[in-house]
Each structure stands twice: as C-alpha cells, then as structure tokens.
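Novice: The structure is given below, and queries will be raised subsequently.
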Amino acid sequence: MRAMSNTAQTLPSGRVALGQQEPAIALGPLDGRYRPQTAVLVDFLSEAALNRERVHVEVEWFIHLCEQRALPGLEPLSEEQKAGLRALVTSFDAASVAELAELEAVTVHDVKAVEYYIGRRLPELGLEHLTPLVHFACTSEDINNLSYALGVKDAVEQAWLPAARGLVAAVWQMARETKATPMLSHTHGQPATPTTLGKELAVFAHRFERQLRRIEGTTFLGKINGATGTFAAHTAAAPDTDWPQISRTFVRGLGLTWNPLTTQIESHDWQAELYADLSRFNRILHNLCTDVWSYISIGYFQQIPVEGATGSSTMPHKVNPIRFENAEANAEISCSLLDTLAATLVTSRWQRDLTDSSSQRNIGVAFGHSLLAISNVVKGLDRLDVAEETLAADLDGNWEVLGEAVQTAMRAEAIAGREGMDNPYERLKELTRGHRVDAARMRGFIAGLGLSEATARRLSELTPGGYTGLAEELVDEFGD
C-alpha cells in the first residue's frame, strides 16, 4: 500500500482529510475491513460490473437486430465482427471503467456514455456505418433492467447460493454428528421435554433448505420495449417488423424471462420476491445465531480458542462468541436493506420515476452483509465443541420433565380401560410444578400409580436423557 500524501488537505479541526488520500480509503466496511469476505460480489454488483453488463446488453442487442434483419438493409454480421463486439465485454477492465467515467463527465448520463463507448469502436470492426444501430429504439431502462437482472442473477448463482449451500451443509453435518446427543429443551426459557442437539440443528437446516429452493427458483425478468413499453419508436421506424417477437427472443437469449407488459421500467416485482426470500433466509440465520449464542452462554457449547486471539481486552479468560454476534448484526443490516428494496422497487409513479435508480445501487451492499453473516456463522460453527458432560448434568437435574411422559401414558391406560388413571395432568402438576424432582421421587411416584406392569416398567426405566422420542430417527430420515 502506498503511503499517504504529505500534501493532504486538512479538516477544520486540523486533522488530515483522509478521504483525499491515495490509495482510496473505504467509507464502508464491505469495501474496507470485510472486503476479503465480500469481494466476490464486485464482479456482479459493483458500478463497474453494471457498466460491463450494459455493454453486454447493448452489444447483444446490436447483434440480435442484425441477425433478425429487424430493419431494412440490415444483414447478419460476420463471425469476426460478432467476436470483436463481444470482446468489448470480455476485455472490459479498469481502463474501460476510466474511459466510461470520462464520457459520463461530458454526457452526464451513464447509459449514453456506454452508447458512445461502443460507437467509438465500430470503425475498427468495419461497422462505422451502423453507428446509429447502437442503442436503437432503446430507453435507458431497456438496458438497465436487463443489466441489473444479469448482475443479480450471477450474484445469486455464483456467489450467494454457493456460500449459503456451504452453510447449510455445515449445519447438516453438525446435526448428523450430534443427532443422538440428548439435550434439555427450554421452551419459554424453562426446562422442557428433552430433544437432541442434532435434531434442533436439523430444524434450522431444514428451514434453510426451504428458502434455498425458493431462491433457486427465482424468475429473473427483463424487458426491452421502449420508453413506455409500447414499442412506439420501433414501429415508427420499421412498422412491418414483429417487434414483440424480437424483444422476446432477445430477452430469453440473455437467459432471462421476458416481461411483455411494462411501463418505461420493468416492474421489479421479481426483485421484491427475491429480496423477501433472501431476507427470510437472513432471519432464520439470525435465529440460529441467537440460539447458538444462548447455548454457549449456558455451557452447552465450548468455543475452541484461536491461537493468539484476544477474547477481551481486560478479561483474559474470555472467549467471546463474536462470530455469531457479528453475523446477527450483518443479517439485520442486510434485512433492512432488502426489505427497503422490496418495498421501494415495486412502486413507480405513473410510467417512470427515478426512485429505483438510486435504490438499486444498494443491492450489492445488501448481498454483501448477508454474505458476511453467512461467512461468520460457518467460521463460528467450526470453532465449537459440544460439552456433553454439561448437557448430561442439566438433564439429570431436571427429572420433572418426565411428567409429560407419565401423564400421557396414564391417559393411554385410561383409554384402554385401566382403573385409577383419573386426573393424570393434575396429579403430575401437583408433583412437579414448582418442585425439583429427582430420580428416586419420580420412580416412587410411578410405582404408586397402579399402571400396567409393562407401562410401569417402561416409565421407571426412562431417564431425561433417554426421553428424546424419535429425534435421532427424524435427523436420519429427513436429513439431506
């Protein structure tokens, strides 16, 4: 990294103006502190990536119009010419970004800058006579909506989904490893019917998978139909051309789903649907974090210390659950942005306003915070050990949770016609509510109930650690 300039401007306070330094100092954490975890999104959701996709859409529209002979005098391009045009996309780099910035400084319009950028390169391909074909009959939103759709689609499929699937795989693996590890449940924060640690983790993995299926099934829509969605300019220029068909085949050729009815903008409903699903995934992730954090706090999990790491600046004994706390915060920030995007993007005044333009520039930020949350949880889970002795001790200290089993067995006996099984719930309530019950007291109570021999024997052999029902089998049957 280069040293800061010695000729830096100063703030009114006398401090150095850091924003004027070279290299640039990031304003936000995603481009600063957390860039290693989120840099993958730069290829899909940055301003530079958006401009590359704009070039891509403009180039493909140019080629498509020629291939379809959409206008009188148009002929399909040669393979060399098509390759040369497409090279504008594959070779798009920092110099391209800089040139576009120079053009935009003059045009004060980002999409118009892209049009001029492409037009400059047509002479070297022998296509200068087709300069008017660049951006033909397009409004800016014809290019933008397709460019955003392509960027978001790639971000989901190539960055977010692989990370999310990795998280779910880690949760499933932990669930399988601990499927038979009994654990006291805590409904309402109070001792409750035992479960297994693995079954509780499997619940989260199952929830995640439902959301992944929704996200994997996202329909990415696009349109290219002019300033108010009527193909007016198209038909004015070439009334005999089947413009809806050309539009349909073009959008589908980009790998998107054609939206035939729009205003100047594609309505963004698909984005709202996707962001709602991503937000829901984040909230389930947040729930996993709060549960794991709580299990750590009561000693069910032990954290494996990182060599050389400091847990607290003043309390050397501490190993803080920072991965899960970090993930909580980033999931919340991501949800806030995604929720705002989903709410804002579905509304546009009449045929067009610019609220979506500013909003969509934050898509990458929303994805970035979600990706960061996922990364932290994966790292956090990898540093956990199950404290089986603590789990066993907690179970052994709460024999009253067997009250459910006993009163339910009494109900079954009563239904089968056995006498003396009256008021089972009330009798167990009297025994257990507000009282600590140990093994001897519970077994003595069972022995005096007058149950059938088989039921009495089964219940007297039951322990809190053995009262986990089909938890292990559920993990086996419904695990991935």
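FYI, nothing fancy with the structure tokens labels: chains A, B, ... in order, residues from 1 per chain, ligands from 1 as they appear.
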With DSSP run on the backbone, what are the helix (DSSP H, G or I) residues within region 162-301 of chain A? I'd like them as a PyMOL selection string.
Specialist: chain A and resi 162-177+197-216+232-237+243-253+269-297
Novice: Name all residues at most 10 Å from Leu125 (chain A) (count only C-alpha atoms; drop same-chain ones fewer than 5 positions away) and give them as a list of chain:residue names.
Specialist: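 Those residues are A:Glu80, A:Gln81, A:Lys82, A:Ala83, A:Gly84, A:Leu85.
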Novice: Would you output that residue set with N, CA, C and O atoms, as an mmCIF file, in the first residue's frame?
Specialist:
data_model
loop_
_atom_site.group_PDB
_atom_site.id
_atom_site.type_symbol
_atom_site.label_atom_id
_atom_site.label_comp_id
_atom_site.auth_asym_id
_atom_site.auth_seq_id
_atom_site.Cartn_x
_atom_site.Cartn_y
_atom_site.Cartn_z
ATOM 1 N N GLU A 80 -16.363 -12.739 -37.356
ATOM 2 C CA GLU A 80 -15.279 -11.889 -36.864
ATOM 3 C C GLU A 80 -15.826 -10.613 -36.234
ATOM 4 O O GLU A 80 -15.353 -10.163 -35.187
ATOM 5 N N GLN A 81 -16.830 -10.037 -36.873
ATOM 6 C CA GLN A 81 -17.429 -8.812 -36.325
ATOM 7 C C GLN A 81 -18.142 -9.088 -35.002
ATOM 8 O O GLN A 81 -18.030 -8.307 -34.053
ATOM 9 N N LYS A 82 -18.868 -10.197 -34.944
ATOM 10 C CA LYS A 82 -19.541 -10.551 -33.678
ATOM 11 C C LYS A 82 -18.526 -10.802 -32.570
ATOM 12 O O LYS A 82 -18.716 -10.362 -31.431
ATOM 13 N N ALA A 83 -17.462 -11.491 -32.907
ATOM 14 C CA ALA A 83 -16.426 -11.753 -31.907
ATOM 15 C C ALA A 83 -15.783 -10.457 -31.443
ATOM 16 O O ALA A 83 -15.496 -10.283 -30.242
ATOM 17 N N GLY A 84 -15.582 -9.526 -32.364
ATOM 18 C CA GLY A 84 -14.994 -8.241 -31.994
ATOM 19 C C GLY A 84 -15.897 -7.444 -31.071
ATOM 20 O O GLY A 84 -15.426 -6.805 -30.120
ATOM 21 N N LEU A 85 -17.190 -7.467 -31.356
ATOM 22 C CA LEU A 85 -18.135 -6.773 -30.467
ATOM 23 C C LEU A 85 -18.172 -7.418 -29.087
ATOM 24 O O LEU A 85 -18.153 -6.728 -28.054
#
Novice: Residues near Thr347 (chain A), anyone? I mean within 12 Å using only C-alpha atoms, not counting same-chain ones fewer than 6 positions away, as a list in words.
Specialist: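 These residues fall inside the cut-off: Thr263, Ile265, Glu266, Ser267, His268, Asp269, Ala272, Thr340, Leu341, Asp353, Leu354, Thr355, Asp356 and Ser359 of chain A.
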Novice: Include C-alpha atoms and write out the residues we just selected as a PDB file, in the first residue's frame.
Specialist:
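The result, written out as part_37.pdb:
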ATOM      1  CA  THR A 263     -44.147   0.891 -18.297  1.00  0.00           C
ATOM      2  CA  ILE A 265     -39.332   0.288 -16.381  1.00  0.00           C
ATOM      3  CA  GLU A 266     -39.523  -3.424 -15.759  1.00  0.00           C
ATOM      4  CA  SER A 267     -41.750  -3.513 -12.707  1.00  0.00           C
ATOM      5  CA  HIS A 268     -39.157  -5.095 -10.381  1.00  0.00           C
ATOM      6  CA  ASP A 269     -41.665  -7.443  -8.768  1.00  0.00           C
ATOM      7  CA  ALA A 272     -39.029  -7.787  -4.463  1.00  0.00           C
ATOM      8  CA  THR A 340     -36.413  -1.424   1.841  1.00  0.00           C
ATOM      9  CA  LEU A 341     -35.533  -2.506  -1.683  1.00  0.00           C
ATOM     10  CA  ASP A 353     -39.691   7.823 -11.662  1.00  0.00           C
ATOM     11  CA  LEU A 354     -36.082   7.521 -10.506  1.00  0.00           C
ATOM     12  CA  THR A 355     -36.521   6.055  -7.024  1.00  0.00           C
ATOM     13  CA  ASP A 356     -35.476   2.652  -8.327  1.00  0.00           C
ATOM     14  CA  SER A 359     -32.248   2.169  -4.605  1.00  0.00           C
TER      15      SER A 359
END
Novice: Report as a ChimeraX atom specification all protein, DNA and RNA residues lying within 8 Å of Ile284 (chain A), evaluated on only C-alpha atoms, omitting residues in the same chain fewer than 6 positions from it.
Specialist: /A:204,207-208
Novice: Could you give me the residues within region 158-187 of chain A that DSSP places in strand (DSSP E or B), as a PyMOL selection string?
Specialist: chain A and resi 182-187
Novice: Write out, as an mmCIF file, in the first residue's frame, the residues just selected, with N, CA, C and O atoms.
Specialist:
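Written output follows (result_20.cif):
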data_model
loop_
_atom_site.group_PDB
_atom_site.id
_atom_site.type_symbol
_atom_site.label_atom_id
_atom_site.label_comp_id
_atom_site.auth_asym_id
_atom_site.auth_seq_id
_atom_site.Cartn_x
_atom_site.Cartn_y
_atom_site.Cartn_z
ATOM 1 N N PRO A 182 -28.353 -36.188 23.655
ATOM 2 C CA PRO A 182 -29.556 -35.654 24.308
ATOM 3 C C PRO A 182 -29.312 -34.271 24.893
ATOM 4 O O PRO A 182 -28.211 -33.949 25.344
ATOM 5 N N MET A 183 -30.356 -33.474 24.874
ATOM 6 C CA MET A 183 -30.258 -32.097 25.361
ATOM 7 C C MET A 183 -31.590 -31.673 25.960
ATOM 8 O O MET A 183 -32.651 -31.988 25.416
ATOM 9 N N LEU A 184 -31.518 -30.978 27.073
ATOM 10 C CA LEU A 184 -32.731 -30.449 27.685
ATOM 11 C C LEU A 184 -33.264 -29.301 26.834
ATOM 12 O O LEU A 184 -32.520 -28.388 26.471
ATOM 13 N N SER A 185 -34.528 -29.358 26.486
ATOM 14 C CA SER A 185 -35.143 -28.236 25.784
ATOM 15 C C SER A 185 -35.453 -27.122 26.766
ATOM 16 O O SER A 185 -35.505 -27.345 27.989
ATOM 17 N N HIS A 186 -35.667 -25.936 26.230
ATOM 18 C CA HIS A 186 -36.000 -24.785 27.074
ATOM 19 C C HIS A 186 -37.104 -23.983 26.400
ATOM 20 O O HIS A 186 -36.861 -22.925 25.818
ATOM 21 N N THR A 187 -38.334 -24.495 26.439
ATOM 22 C CA THR A 187 -39.440 -23.720 25.890
ATOM 23 C C THR A 187 -39.758 -22.594 26.866
ATOM 24 O O THR A 187 -39.843 -22.807 28.079
#
Novice: At a cut-off of 9 Å, using only C-alpha atoms, what residues contact region 429-432 of chain A? Leave out same-chain residues fewer than 5 positions from it and give the result as an mmCIF file with N, CA, C and O atoms, in the first residue's frame.
Specialist:
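What follows is the written file part04.cif:
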data_model
loop_
_atom_site.group_PDB
_atom_site.id
_atom_site.type_symbol
_atom_site.label_atom_id
_atom_site.label_comp_id
_atom_site.auth_asym_id
_atom_site.auth_seq_id
_atom_site.Cartn_x
_atom_site.Cartn_y
_atom_site.Cartn_z
ATOM 1 N N TRP A 399 -35.488 -34.045 36.392
ATOM 2 C CA TRP A 399 -36.337 -35.225 36.209
ATOM 3 C C TRP A 399 -37.813 -34.878 36.085
ATOM 4 O O TRP A 399 -38.605 -35.676 35.578
ATOM 5 N N GLU A 400 -38.182 -33.673 36.503
ATOM 6 C CA GLU A 400 -39.590 -33.293 36.396
ATOM 7 C C GLU A 400 -40.084 -33.235 34.958
ATOM 8 O O GLU A 400 -41.295 -33.282 34.718
ATOM 9 N N VAL A 401 -39.163 -33.149 33.977
ATOM 10 C CA VAL A 401 -39.607 -33.108 32.579
ATOM 11 C C VAL A 401 -40.252 -34.422 32.156
ATOM 12 O O VAL A 401 -40.951 -34.473 31.136
ATOM 13 N N GLY A 403 -42.617 -35.681 33.641
ATOM 14 C CA GLY A 403 -44.039 -35.578 33.988
ATOM 15 C C GLY A 403 -44.924 -35.677 32.763
ATOM 16 O O GLY A 403 -46.014 -36.257 32.809
ATOM 17 N N PRO A 424 -54.791 -37.324 35.302
ATOM 18 C CA PRO A 424 -53.341 -37.527 35.181
ATOM 19 C C PRO A 424 -52.559 -36.216 35.144
ATOM 20 O O PRO A 424 -51.523 -36.084 35.811
ATOM 21 N N VAL A 437 -37.612 -32.492 41.127
ATOM 22 C CA VAL A 437 -37.893 -33.919 41.272
ATOM 23 C C VAL A 437 -36.650 -34.688 40.864
ATOM 24 O O VAL A 437 -36.094 -34.460 39.789
ATOM 25 N N MET A 442 -39.397 -39.500 41.309
ATOM 26 C CA MET A 442 -40.177 -39.779 40.109
ATOM 27 C C MET A 442 -40.513 -41.262 40.014
ATOM 28 O O MET A 442 -41.649 -41.643 39.722
ATOM 29 N N PHE A 445 -43.149 -42.248 42.539
ATOM 30 C CA PHE A 445 -44.467 -41.800 42.100
ATOM 31 C C PHE A 445 -45.038 -42.762 41.055
ATOM 32 O O PHE A 445 -46.199 -43.158 41.121
#
Novice: What's around Ala87 (chain A) at 12 Å? Count only C-alpha atoms, leave out sequence neighbours fewer than 6 positions away in its own chain, and write the answer as a PDB file with N, CA and C atoms, in the first residue's frame.
Specialist:
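selection20.pdb, written as the output of this step:
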ATOM      1  N   ARG A  52     -20.254  -3.022 -17.289  1.00  0.00           N
ATOM      2  CA  ARG A  52     -19.884  -4.134 -18.163  1.00  0.00           C
ATOM      3  C   ARG A  52     -21.125  -4.828 -18.700  1.00  0.00           C
ATOM      4  N   VAL A  55     -22.694  -2.777 -21.453  1.00  0.00           N
ATOM      5  CA  VAL A  55     -22.003  -3.013 -22.719  1.00  0.00           C
ATOM      6  C   VAL A  55     -22.457  -4.346 -23.313  1.00  0.00           C
ATOM      7  N   HIS A  56     -22.566  -5.360 -22.462  1.00  0.00           N
ATOM      8  CA  HIS A  56     -23.014  -6.680 -22.902  1.00  0.00           C
ATOM      9  C   HIS A  56     -24.402  -6.612 -23.558  1.00  0.00           C
ATOM     10  N   VAL A  59     -24.333  -4.617 -26.889  1.00  0.00           N
ATOM     11  CA  VAL A  59     -23.681  -5.394 -27.940  1.00  0.00           C
ATOM     12  C   VAL A  59     -24.599  -6.496 -28.455  1.00  0.00           C
ATOM     13  N   GLU A  60     -25.229  -7.218 -27.540  1.00  0.00           N
ATOM     14  CA  GLU A  60     -26.101  -8.323 -27.956  1.00  0.00           C
ATOM     15  C   GLU A  60     -27.343  -7.811 -28.688  1.00  0.00           C
ATOM     16  N   GLU A  80     -16.363 -12.739 -37.356  1.00  0.00           N
ATOM     17  CA  GLU A  80     -15.279 -11.889 -36.864  1.00  0.00           C
ATOM     18  C   GLU A  80     -15.826 -10.613 -36.234  1.00  0.00           C
ATOM     19  N   GLN A  81     -16.830 -10.037 -36.873  1.00  0.00           N
ATOM     20  CA  GLN A  81     -17.429  -8.812 -36.325  1.00  0.00           C
ATOM     21  C   GLN A  81     -18.142  -9.088 -35.002  1.00  0.00           C
ATOM     22  N   ASP A  93     -12.214  -3.718 -18.580  1.00  0.00           N
ATOM     23  CA  ASP A  93     -11.272  -3.665 -17.472  1.00  0.00           C
ATOM     24  C   ASP A  93     -11.242  -2.270 -16.859  1.00  0.00           C
ATOM     25  N   ILE A 118     -19.251   2.268 -27.101  1.00  0.00           N
ATOM     26  CA  ILE A 118     -19.343   1.233 -28.137  1.00  0.00           C
ATOM     27  C   ILE A 118     -19.175   1.843 -29.522  1.00  0.00           C
ATOM     28  N   ARG A 121     -15.794   2.205 -31.126  1.00  0.00           N
ATOM     29  CA  ARG A 121     -15.065   1.004 -31.513  1.00  0.00           C
ATOM     30  C   ARG A 121     -15.590   0.353 -32.793  1.00  0.00           C
ATOM     31  N   LEU A 125     -13.993  -2.324 -36.590  1.00  0.00           N
ATOM     32  CA  LEU A 125     -14.650  -3.576 -36.987  1.00  0.00           C
ATOM     33  C   LEU A 125     -15.343  -3.435 -38.348  1.00  0.00           C
TER      34      LEU A 125
END
Novice: Leaving out region 295-300 of chain A and any residue of its chain fewer than 2 positions from it, which residues lie within 10 Å of it when counting only C-alpha atoms, given as a list in words?
Specialist: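 Skipping anything fewer than 2 positions along the chain leaves Met183, Leu184, Leu197, Cys289, Thr290, Asp291, Val292, Trp293, Gln302, Gln303, Asn320, Pro321, Leu384, Asp385, Val386, Ala387, Glu388, Glu389, Thr390, Leu391, Ala392 and Asp394 of chain A.
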Novice: In terms of the shortest atom-to-atom distance over only C-alpha atoms, which of A:Ala137, A:Ala98, A:Leu278, A:Ala113 is closest to Ser370 (chain A)?
Specialist: A:Leu278
Novice: Mind running region 313-387 of chain A against region 160-169 of chain A at 8 Å and telling me each contacting residue's nearest atom pair with the distance in Å (one decimal), counting only C-alpha atoms, chain and number ascending, as CSV?
Specialist:
residue,atom,partner,partner_atom,distance
A:Phe367,CA,A:Trp160,CA,7.5
A:Leu371,CA,A:Trp160,CA,6.5
A:Ile374,CA,A:Leu167,CA,6.7
A:Ser375,CA,A:Ala163,CA,7.5
A:Val377,CA,A:Leu167,CA,7.6
A:Val378,CA,A:Leu167,CA,5.7
Novice: Measure the distance from CA of Val114 (chain A) to CA of Asn51 (chain A) in Å and round it to one decimal.
Specialist: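 These atoms are spaced 7.4 Å apart.
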Novice: Expressed in Å to a single decimal, how great is the separation between CA of Thr257 (chain A) and CA of Leu146 (chain A)?
Specialist: 10.2 Å
Novice: Could you please determine the separation between CA of Arg361 (chain A) and CA of Gly222 (chain A) in Å, to one decimal place?
Specialist: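 Here the two named atoms are 17.7 Å from each other.
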Novice: Restricting the calculation to only C-alpha atoms, which member of A:Lys199, A:Arg15, A:Arg280, A:Arg252 is positioned closest to Thr219 (chain A)?
Specialist: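 The closest residue to Thr219 (chain A) is A:Arg252.
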